[in-house]
Amino acid sequence: MIQFDEHKVTTDMQDIIRCRTVSNRDESLVDRSEFSKLYALLENRFPSLYAVSVPEHIGKTGLLFRIPGREEQKAPHTKDTACRCAVLMAHYDVVPVVENEWLKPPFDAVIEDGVMWGRGTLDTKGTFCAILESVEAYLAAGWKPQHTMYLSFSGEEEIDGNSCADIVSWFEKQGIHPDFVLDEGGAIVEKAFPGVQGRCAMIGIAEKGSVNINCTTESTGGHASAPPAHSAAGYIAMAAQALENHPYRTQFTRPVREMIGVLAPKKKLLFKTAFTLFGRKIGGEVNAMMHTTCAVTRLEGSGAYNVMPHTASLGMNVRLLGKDTIDSMFLHMKKAVRNIERKNKVRFTFNLVNGMNPSIVSDTHCPQWDNLRTTILKTWPEVIVSPYLMVACSDSRHYCRITDKVYRFSGMYMAKEDRSLIHGSNERIKLSTLFETVRFYCNLLETL
């Protein structure tokens, strides 16, 4: 394996963290100069990559590097031409911070006791940096991938932006269908499953659909001194309770079946029965793996204590599982509030804000899966490699439009404490973990 420079990795990562690439749905709150600062930094620190591939800027923040392979076809790609290629993904935008909640400045990349502090160290500037460092080291040594390889980066993943979708549209227009896509997702974790000792490498082979939806209702407004029996806010509270008390059906999907088959092969029937019958009571990720979930996250009514709201609303985030879709979700919600509407002669209106249906399930019986599994075991020989269902969302879902070889694995060890820091205060990464991530990608490059 070609060696990489740990000092270079450290200083590059520090300067990447110091670029405050915070995304926000409100564009007026985004400092685009920080994004430009990052682009200039990449060109300066990764000259071998830029010598073979000047990135295409696609959409608002998409960066797409194309690295020609040794066996690249001489004929230009057309819509009828299949292109054997791999895509390595990461996003370089980060969520906002509340600076006074941090023990170290969130964008200074302070290193103390072998740990680097900073927003994005785990999500996902760590993998972003590791991909770039591994590719740079290998290109500098004269390496070329066997087939065409793309580095696909987005700067608005945290806000469900369109940059990654725009990159996938570019692939579609070129007639390119990648054979292998790797993005953030699972990691090397402990206590991944009841009764399983040691560490497991969890690879997401599908993800739930994420939908944001509003529910609104209207009633008599006016002064709060002479209220009706129920205000619009009261009705919307009834709707919230009805929606929470109207759960979705249990589904035993292929990712969960395959995970149990790997992690508990002798107890598959036991866990299937337990998860199916008691998944809701177990709660947490088990409940999320077995059901579509609905979280009421926003409530709005009057802007004053003594004013009756004419309109009240609630906002929800729904995570769709398996065969559930946005259309079936609407039917489910309307059924949940039907009795309240009839009894109180009130109407609830559901409006879709944005969202996507569940992703397809990627192939786990193919050379791509076997190669990823082998690479993980080369990097972490002691782990158990297992597929699983991602209950969160990633940009990689967009690639499911053009390939069924999409895998979600952040190549690093994450303790429970580490995972709790993602999107929270005091996010940080051990330098040894960062170096392991670079080593994982170096091992992967040797197979592509």
# chains A, B, ... in the order shown; residues from 1 in each chain; ligands from 1
call {"tool": "residues_around", "arguments": {"residues": "Thr293 of chain A", "least_positions_apart": "2", "cutoff": "9 Å", "atoms": "only C-alpha atoms", "output": "NGL selection string"}}
result
:A and (247-248 or 287-288 or 291 or 295 or 317-321)
call {"tool": "closest_atom_pairs", "arguments": {"of": "segment 302-370 of chain A", "to": "segment 425-448 of chain A", "cutoff": "12 Å", "atoms": "only C-alpha atoms", "output": "JSON lines"}}
result
{"residue": "A:Pro367", "atom": "CA", "partner": "A:Thr447", "partner_atom": "CA", "distance": 11.1}
{"residue": "A:Gln368", "atom": "CA", "partner": "A:Leu448", "partner_atom": "CA", "distance": 9.9}
{"residue": "A:Asp370", "atom": "CA", "partner": "A:Thr447", "partner_atom": "CA", "distance": 11.2}
call {"tool": "closest_residue", "arguments": {"among": "A:Ile236, A:Lys335, A:Phe4, A:Val296", "to": "Met316 of chain A", "atoms": "only C-alpha atoms"}}
result
A:Val296
call {"tool": "closest_residue", "arguments": {"among": "A:Thr121, A:Ser219, A:Thr61, A:Ser53", "to": "Ile17 of chain A", "atoms": "only C-alpha atoms"}}
result
A:Thr121
call {"tool": "closest_residue", "arguments": {"among": "A:Leu352, A:Leu151, A:Ile360, A:Val406", "to": "Ile167 of chain A", "atoms": "only C-alpha atoms"}}
result
A:Leu151
call {"tool": "select_by_dssp", "arguments": {"residues": "segment 87-179 of chain A", "states": "helix (DSSP H, G or I)", "output": "VMD selection string"}}
result
chain A and resid 99 to 101 125 to 140 157 to 159 163 to 174
call {"tool": "residues_around", "arguments": {"residues": "Asp93 of chain A", "least_positions_apart": "3", "cutoff": "7 Å", "atoms": "only C-alpha atoms", "output": "MDAnalysis selection string"}}
result
chainID A and resid 21:23 155:158
call {"tool": "write_last_selection", "arguments": {"atoms": "N, CA and C atoms", "output": "mmCIF file, in the first residue's frame"}}
result
data_model
loop_
_atom_site.group_PDB
_atom_site.id
_atom_site.type_symbol
_atom_site.label_atom_id
_atom_site.label_comp_id
_atom_site.auth_asym_id
_atom_site.auth_seq_id
_atom_site.Cartn_x
_atom_site.Cartn_y
_atom_site.Cartn_z
ATOM 1 N N THR A 21 -18.150 26.259 6.261
ATOM 2 C CA THR A 21 -19.115 25.950 5.202
ATOM 3 C C THR A 21 -20.440 25.495 5.815
ATOM 4 N N VAL A 22 -21.077 26.408 6.499
ATOM 5 C CA VAL A 22 -22.354 26.130 7.163
ATOM 6 C C VAL A 22 -23.487 26.348 6.174
ATOM 7 N N SER A 23 -24.285 25.312 5.959
ATOM 8 C CA SER A 23 -25.435 25.459 5.070
ATOM 9 C C SER A 23 -26.663 25.857 5.876
ATOM 10 N N GLY A 155 -22.284 20.471 -1.111
ATOM 11 C CA GLY A 155 -22.197 21.431 -0.025
ATOM 12 C C GLY A 155 -23.543 21.852 0.510
ATOM 13 N N GLU A 156 -24.571 21.017 0.309
ATOM 14 C CA GLU A 156 -25.882 21.332 0.891
ATOM 15 C C GLU A 156 -26.653 20.069 1.273
ATOM 16 N N GLU A 157 -25.927 19.030 1.665
ATOM 17 C CA GLU A 157 -26.572 17.797 2.100
ATOM 18 C C GLU A 157 -27.393 18.025 3.360
ATOM 19 N N GLU A 158 -26.883 18.861 4.265
ATOM 20 C CA GLU A 158 -27.544 19.058 5.551
ATOM 21 C C GLU A 158 -28.894 19.761 5.437
#
call {"tool": "closest_residue", "arguments": {"among": "A:Ser210, A:Leu263, A:Ala242, A:Leu41", "to": "Thr292 of chain A", "atoms": "only C-alpha atoms"}}
result
A:Ser210
call {"tool": "residues_around", "arguments": {"residues": "His57 of chain A", "least_positions_apart": "4", "cutoff": "10 Å", "atoms": "only C-alpha atoms", "output": "MDAnalysis selection string"}}
result
chainID A and resid 61:65 153:154 163 167
